[in-house]
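Peer 1: mmCIF, C-alpha atoms, file structure-v3.cif:
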```cif
data_final
#
loop_
_atom_site.label_atom_id
_atom_site.label_comp_id
_atom_site.auth_asym_id
_atom_site.auth_seq_id
_atom_site.Cartn_x
_atom_site.Cartn_y
_atom_site.Cartn_z
CA MET A 1 -39.95 -184.35 -59.30
CA LYS A 2 -38.52 -184.70 -62.82
CA PHE A 3 -36.00 -187.49 -63.33
CA HIS A 4 -33.13 -185.09 -64.06
CA GLU A 5 -33.84 -183.21 -60.82
CA ALA A 6 -33.29 -186.42 -58.85
CA GLN A 7 -29.96 -187.00 -60.64
CA PHE A 8 -28.62 -183.51 -59.92
CA LYS A 9 -26.15 -183.45 -57.04
CA PRO A 10 -24.69 -180.04 -56.04
CA GLY A 11 -20.92 -180.00 -56.52
CA ARG A 12 -20.94 -183.35 -58.34
CA THR A 13 -22.83 -182.64 -61.58
CA TRP A 14 -20.74 -181.51 -64.55
CA PHE A 15 -21.27 -180.46 -68.17
CA PHE A 16 -18.56 -181.46 -70.66
CA THR A 17 -17.79 -180.65 -74.28
CA LEU A 18 -15.22 -182.82 -76.06
CA ASN A 19 -14.05 -181.81 -79.54
CA LEU A 20 -12.31 -183.77 -82.24
CA ALA A 21 -8.97 -182.43 -83.46
CA ASP A 22 -10.33 -182.43 -87.02
CA THR A 23 -13.32 -180.09 -87.01
CA GLU A 24 -14.41 -181.43 -90.42
CA SER A 25 -14.60 -185.02 -89.17
CA SER A 26 -17.82 -186.95 -88.61
CA VAL A 27 -16.19 -189.85 -86.77
CA LEU A 28 -18.34 -189.45 -83.65
CA THR A 29 -21.63 -190.03 -85.42
CA ARG A 30 -20.14 -192.62 -87.81
CA HIS A 31 -18.88 -194.58 -84.81
CA ALA A 32 -21.49 -193.70 -82.17
CA ARG A 33 -21.80 -197.36 -81.18
CA LEU A 34 -18.06 -197.49 -80.38
CA LEU A 35 -18.40 -194.31 -78.33
CA GLY A 36 -21.22 -195.92 -76.35
CA GLU A 37 -19.10 -199.03 -75.73
CA SER A 38 -16.24 -196.85 -74.53
CA ALA A 39 -18.52 -194.91 -72.17
CA ARG A 40 -19.89 -198.15 -70.68
CA ASP A 41 -16.34 -199.41 -70.14
CA VAL A 42 -15.40 -196.22 -68.28
CA GLU A 43 -18.58 -196.34 -66.20
CA GLY A 44 -17.71 -199.91 -65.20
CA LEU A 45 -14.25 -198.85 -64.02
CA TYR A 46 -15.09 -195.45 -62.55
CA PRO A 47 -18.82 -195.10 -61.90
CA PHE A 48 -20.78 -192.01 -62.86
CA GLU A 49 -24.38 -191.28 -63.77
CA THR A 50 -25.20 -189.91 -67.21
CA ILE A 51 -27.96 -187.32 -67.15
CA ALA A 52 -27.76 -186.29 -70.81
CA THR A 53 -25.65 -186.81 -73.93
CA VAL A 54 -25.64 -185.33 -77.42
CA ILE A 55 -23.23 -186.67 -80.04
CA LEU A 56 -22.52 -184.42 -83.02
CA PRO A 57 -20.24 -185.27 -85.94
CA ASN A 58 -17.16 -183.49 -84.52
CA HIS A 59 -17.94 -182.92 -80.83
CA LEU A 60 -20.10 -184.18 -78.01
CA HIS A 61 -21.81 -182.80 -74.93
CA MET A 62 -22.39 -184.77 -71.75
CA ILE A 63 -23.80 -184.09 -68.31
CA TRP A 64 -22.52 -186.48 -65.66
CA THR A 65 -23.03 -186.79 -61.93
CA LEU A 66 -20.00 -188.20 -60.15
CA PRO A 67 -19.94 -190.24 -56.95
CA GLU A 68 -19.38 -188.34 -53.72
CA ASP A 69 -16.10 -190.14 -53.01
CA ASP A 70 -14.55 -189.80 -56.50
CA LEU A 71 -14.84 -186.48 -58.33
CA ASN A 72 -11.96 -187.19 -60.74
CA PHE A 73 -13.67 -186.48 -64.05
CA ASP A 74 -10.36 -186.02 -65.86
CA ARG A 75 -9.54 -189.72 -65.45
CA ARG A 76 -12.99 -190.65 -66.81
CA ILE A 77 -12.71 -188.33 -69.80
CA SER A 78 -9.20 -189.59 -70.57
CA HIS A 79 -10.37 -193.21 -70.50
CA LEU A 80 -13.39 -192.38 -72.67
CA GLN A 81 -11.22 -190.66 -75.26
CA SER A 82 -8.50 -193.30 -75.34
CA GLY A 83 -10.98 -196.19 -75.42
CA PHE A 84 -12.91 -194.63 -78.30
CA GLU A 85 -9.75 -193.79 -80.22
CA ARG A 86 -8.44 -197.35 -79.79
CA ARG A 87 -11.73 -198.81 -81.06
CA VAL A 88 -11.82 -196.47 -84.07
CA ARG A 89 -8.21 -197.28 -84.97
CA GLN A 90 -9.07 -201.00 -84.93
CA THR A 91 -11.52 -200.32 -87.79
CA LEU A 92 -8.81 -198.75 -89.98
CA GLU A 93 -6.73 -200.47 -92.64
CA ALA A 94 -2.98 -200.79 -91.96
CA ASN A 95 -2.05 -197.90 -94.27
CA GLU A 96 -4.68 -195.67 -92.65
CA LYS A 97 -3.37 -196.50 -89.17
CA ALA A 98 0.12 -195.37 -90.19
CA ARG A 99 -1.22 -191.98 -91.32
CA ALA A 100 -3.71 -191.50 -88.48
CA LYS A 101 -3.36 -188.35 -86.41
CA PRO A 102 -4.62 -187.89 -82.85
CA LEU A 103 -8.40 -188.02 -82.84
CA TRP A 104 -9.22 -185.65 -79.98
CA HIS A 105 -8.48 -182.00 -79.40
CA ARG A 106 -5.96 -181.84 -76.57
CA ARG A 107 -8.29 -179.91 -74.26
CA TYR A 108 -11.96 -180.19 -73.37
CA TRP A 109 -14.45 -177.93 -71.67
CA ASP A 110 -15.80 -178.73 -68.22
CA TYR A 111 -18.34 -176.75 -66.24
CA LYS A 112 -19.76 -177.43 -62.77
CA ILE A 113 -23.56 -177.20 -62.83
CA ARG A 114 -24.64 -174.74 -60.13
CA ASP A 115 -28.31 -175.55 -59.56
CA LEU A 116 -31.42 -177.01 -61.19
CA VAL A 117 -32.03 -173.95 -63.37
CA ASP A 118 -28.44 -174.15 -64.62
CA LEU A 119 -28.91 -177.89 -65.25
CA GLU A 120 -32.06 -177.29 -67.30
CA ARG A 121 -30.34 -174.56 -69.32
CA HIS A 122 -27.50 -176.91 -70.20
CA ILE A 123 -29.89 -179.74 -71.04
CA GLY A 124 -31.76 -177.38 -73.37
CA TYR A 125 -28.58 -176.00 -74.88
CA MET A 126 -27.05 -179.36 -75.68
CA HIS A 127 -30.21 -180.90 -77.13
CA GLY A 128 -30.71 -177.81 -79.29
CA ASN A 129 -27.14 -178.05 -80.58
CA PRO A 130 -27.93 -180.20 -83.66
CA VAL A 131 -30.43 -177.51 -84.69
CA LYS A 132 -27.92 -174.72 -84.00
CA HIS A 133 -25.38 -176.43 -86.27
CA GLY A 134 -27.93 -176.89 -89.07
CA LEU A 135 -27.92 -180.68 -88.88
CA VAL A 136 -31.69 -181.00 -88.31
CA SER A 137 -34.69 -178.71 -87.96
CA HIS A 138 -35.73 -180.03 -84.53
CA PRO A 139 -34.06 -182.19 -81.83
CA ASP A 140 -36.70 -184.87 -82.46
CA LYS A 141 -34.94 -185.53 -85.76
CA TRP A 142 -31.46 -186.08 -84.24
CA ARG A 143 -30.92 -189.69 -83.24
CA TYR A 144 -27.62 -189.28 -81.41
CA SER A 145 -28.95 -187.82 -78.18
CA THR A 146 -30.89 -188.42 -75.01
CA TRP A 147 -33.54 -185.90 -76.12
CA PRO A 148 -36.40 -188.46 -76.39
CA LYS A 149 -36.36 -189.20 -72.65
CA PHE A 150 -36.52 -185.47 -71.87
CA ARG A 151 -39.24 -184.81 -74.43
CA ASP A 152 -41.30 -187.71 -73.10
CA ALA A 153 -40.93 -186.32 -69.57
CA GLY A 154 -42.36 -182.96 -70.72
CA PHE A 155 -39.09 -181.01 -70.91
CA VAL A 156 -39.42 -177.71 -72.84
CA LEU A 157 -36.44 -176.76 -75.00
CA TRP A 158 -34.90 -173.34 -75.13
CA THR A 159 -35.58 -173.42 -78.88
CA GLU A 160 -39.28 -173.44 -78.07
CA LYS A 161 -39.33 -171.31 -74.90
CA SER A 162 -36.25 -169.23 -74.15
CA ILE A 163 -34.88 -169.57 -70.63
CA GLY A 164 -31.65 -167.67 -71.19
CA SER A 165 -28.12 -168.48 -72.22
CA ALA A 166 -26.21 -171.51 -71.08
CA GLY A 167 -23.75 -171.43 -73.94
CA GLU A 168 -20.16 -172.44 -74.25
CA PRO A 169 -17.19 -170.08 -74.18
#
```
Transcribe the structure of this file into C-alpha cells.

Peer 2:
Amino acid sequence: MKFHEAQFKPGRTWFFTLNLADTESSVLTRHARLLGESARDVEGLYPFETIATVILPNHLHMIWTLPEDDLNFDRRISHLQSGFERRVRQTLEANEKARAKPLWHRRYWDYKIRDLVDLERHIGYMHGNPVKHGLVSHPDKWRYSTWPKFRDAGFVLWTEKSIGSAGEP
C-alpha cells in the first residue's frame, strides 16, 4: 500500500485551493516559511493530516484528511489564512502596514475526494501545477511542494502518464 492510500479516508479527505487577492503577488513563495509556521499552529489547535501541498506564488493547493469527529475545514482554513496574514504583516514597515490590503481572496475552493483514483488525480494535478503555470519545466525543480516524497514512492505524474482530468473549476 502506498503511503497516500493509507492516509485517504472516505468522506474526510479534501482538496483545497486558496488564492491571494492580488493575482500578481508572490507573497506565498516569498514567505513559505511563515505559511508553514501558520499551518503547524492550526494543526496544533485543530488536528488534520496533510497528504500533499503545493505552494505557488499567488495560490496554494492542499490535500488534508480531517479527524472523524471534527470535519470543520472552514475553521482550519480561516485560521491558516489569518495566521499567515498576521505573520506577513509583522514583516512590513509601518507605512506599508497602513496601505496593506487584505491578502487572501474572500473565497476558496474545496472539493471532497471521492476515492483513491480521485486522490491520485488531484495529487498529480497539484504537483504538475508549477509546470502548468510555466514556473519550472518539471515538478522536480519546484521546491515548494511535497512532490519529492511522492516521486520517491514511485508516484507517476499526469504530466508523464495521463490519467485524466482532475482540474479546478

Peer 1: Expanded to explicit residues, what is the PyMOL selection byres ((chain A and resi 84) around 9) for this file, as a PyMOL selection string?

Peer 2: chain A and resi 31+34-39+79-83+85-89

Peer 1: Excluding segment 149-153 of chain A and any residue of its chain fewer than 5 positions from it, enumerate the residues within 12 Å of it, using all atoms listed in the file, and give them as a list in words.

Peer 2: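 What passes the distance filter is Met1, Lys2, Phe3, His4, Glu5, Ile51, Ala52, Thr53, Glu120, Ile123, Gly124, Met126, His127, His138, Pro139, Asp140, Arg143 and Glu160 of chain A.
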
Peer 1: Counting all atoms listed in the file, figure out which residue out of A:Leu92, A:Leu103, A:Ala6, A:Ile63 gets nearest to Ser25 of chain A.

Peer 2: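 With all atoms listed in the file as the atom set, the closest residue is A:Leu103.
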
Peer 1: To one decimal place in Å, what is the distance between atom CA of Phe155 of chain A and atom CA of Leu116 of chain A?

Peer 2: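 Computing it gives 13.0 Å between the two atoms.
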
Peer 1: Taking the file as shown, find all residues satisfying the PyMOL selection byres ((chain A and resi 58) around 7) and write them as an NGL selection string.

Peer 2: :A and (19-20 or 23-28 or 56-57 or 59)

Peer 1: Taking into account all atoms listed in the file, which residue in the set A:Gln90, A:Thr13, A:Thr50, A:Ser145 is nearest to Pro130 of chain A?

Peer 2: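 So, comparing all the options, the nearest one is A:Ser145.
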
Peer 1: Given the choices A:Leu157, A:Leu71, A:Val117, A:Ile55, which gets closest to Ala32 of chain A if the distance is worked out from only C-alpha atoms?

Peer 2: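 The shortest atom-to-atom distance to Ala32 of chain A comes from A:Ile55.
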
Peer 1: Where does segment 61-100 of chain A meet segment 43-47 of chain A within 10 Å, residue by residue, with the nearest atom pair and distance in Å to one decimal for each, counting only C-alpha atoms, listed by chain and rising number, as a Markdown table?

Peer 2:
```
| residue | atom | partner | partner_atom | distance |
| --- | --- | --- | --- | --- |
| A:Thr65 | CA | A:Pro47 | CA | 9.3 |
| A:Leu66 | CA | A:Pro47 | CA | 7.2 |
| A:Pro67 | CA | A:Pro47 | CA | 7.0 |
| A:Asp70 | CA | A:Tyr46 | CA | 8.3 |
| A:Leu71 | CA | A:Tyr46 | CA | 9.9 |
| A:Asn72 | CA | A:Tyr46 | CA | 9.0 |
| A:Phe73 | CA | A:Tyr46 | CA | 9.2 |
| A:Arg75 | CA | A:Tyr46 | CA | 8.5 |
| A:Arg76 | CA | A:Tyr46 | CA | 6.8 |
| A:His79 | CA | A:Leu45 | CA | 9.4 |
| A:Leu80 | CA | A:Glu43 | CA | 9.2 |
```

Peer 1: Measure the distance from atom CA of His133 of chain A to atom CA of Trp64 of chain A in Å and round it to one decimal.

Peer 2: 23.1 Å

Peer 1: Considering only C-alpha atoms, state which residue in the set A:Val42, A:Ala100, A:Ile77, A:Val156 is at the smallest distance from Leu60 of chain A.

Peer 2: A:Ile77

Peer 1: Find the residues around Trp109 of chain A up to 8 Å (all atoms listed in the file counted), leave out those fewer than 4 positions away in its own chain, and share them as a PyMOL selection string.

Peer 2: chain A and resi 16-18

Peer 1: Expressed in Å to a single decimal, how great is the separation between atom CA of Lys112 of chain A and atom CA of Gly11 of chain A?

Peer 2: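 One can read the atom CA of Lys112 of chain A to atom CA of Gly11 of chain A distance as 6.9 Å.
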
Peer 1: Between A:His61, A:Arg30, A:Lys132, A:Arg114, which residue has the minimum interatomic distance to Lys9 of chain A, considering all atoms listed in the file?

Peer 2: A:Arg114
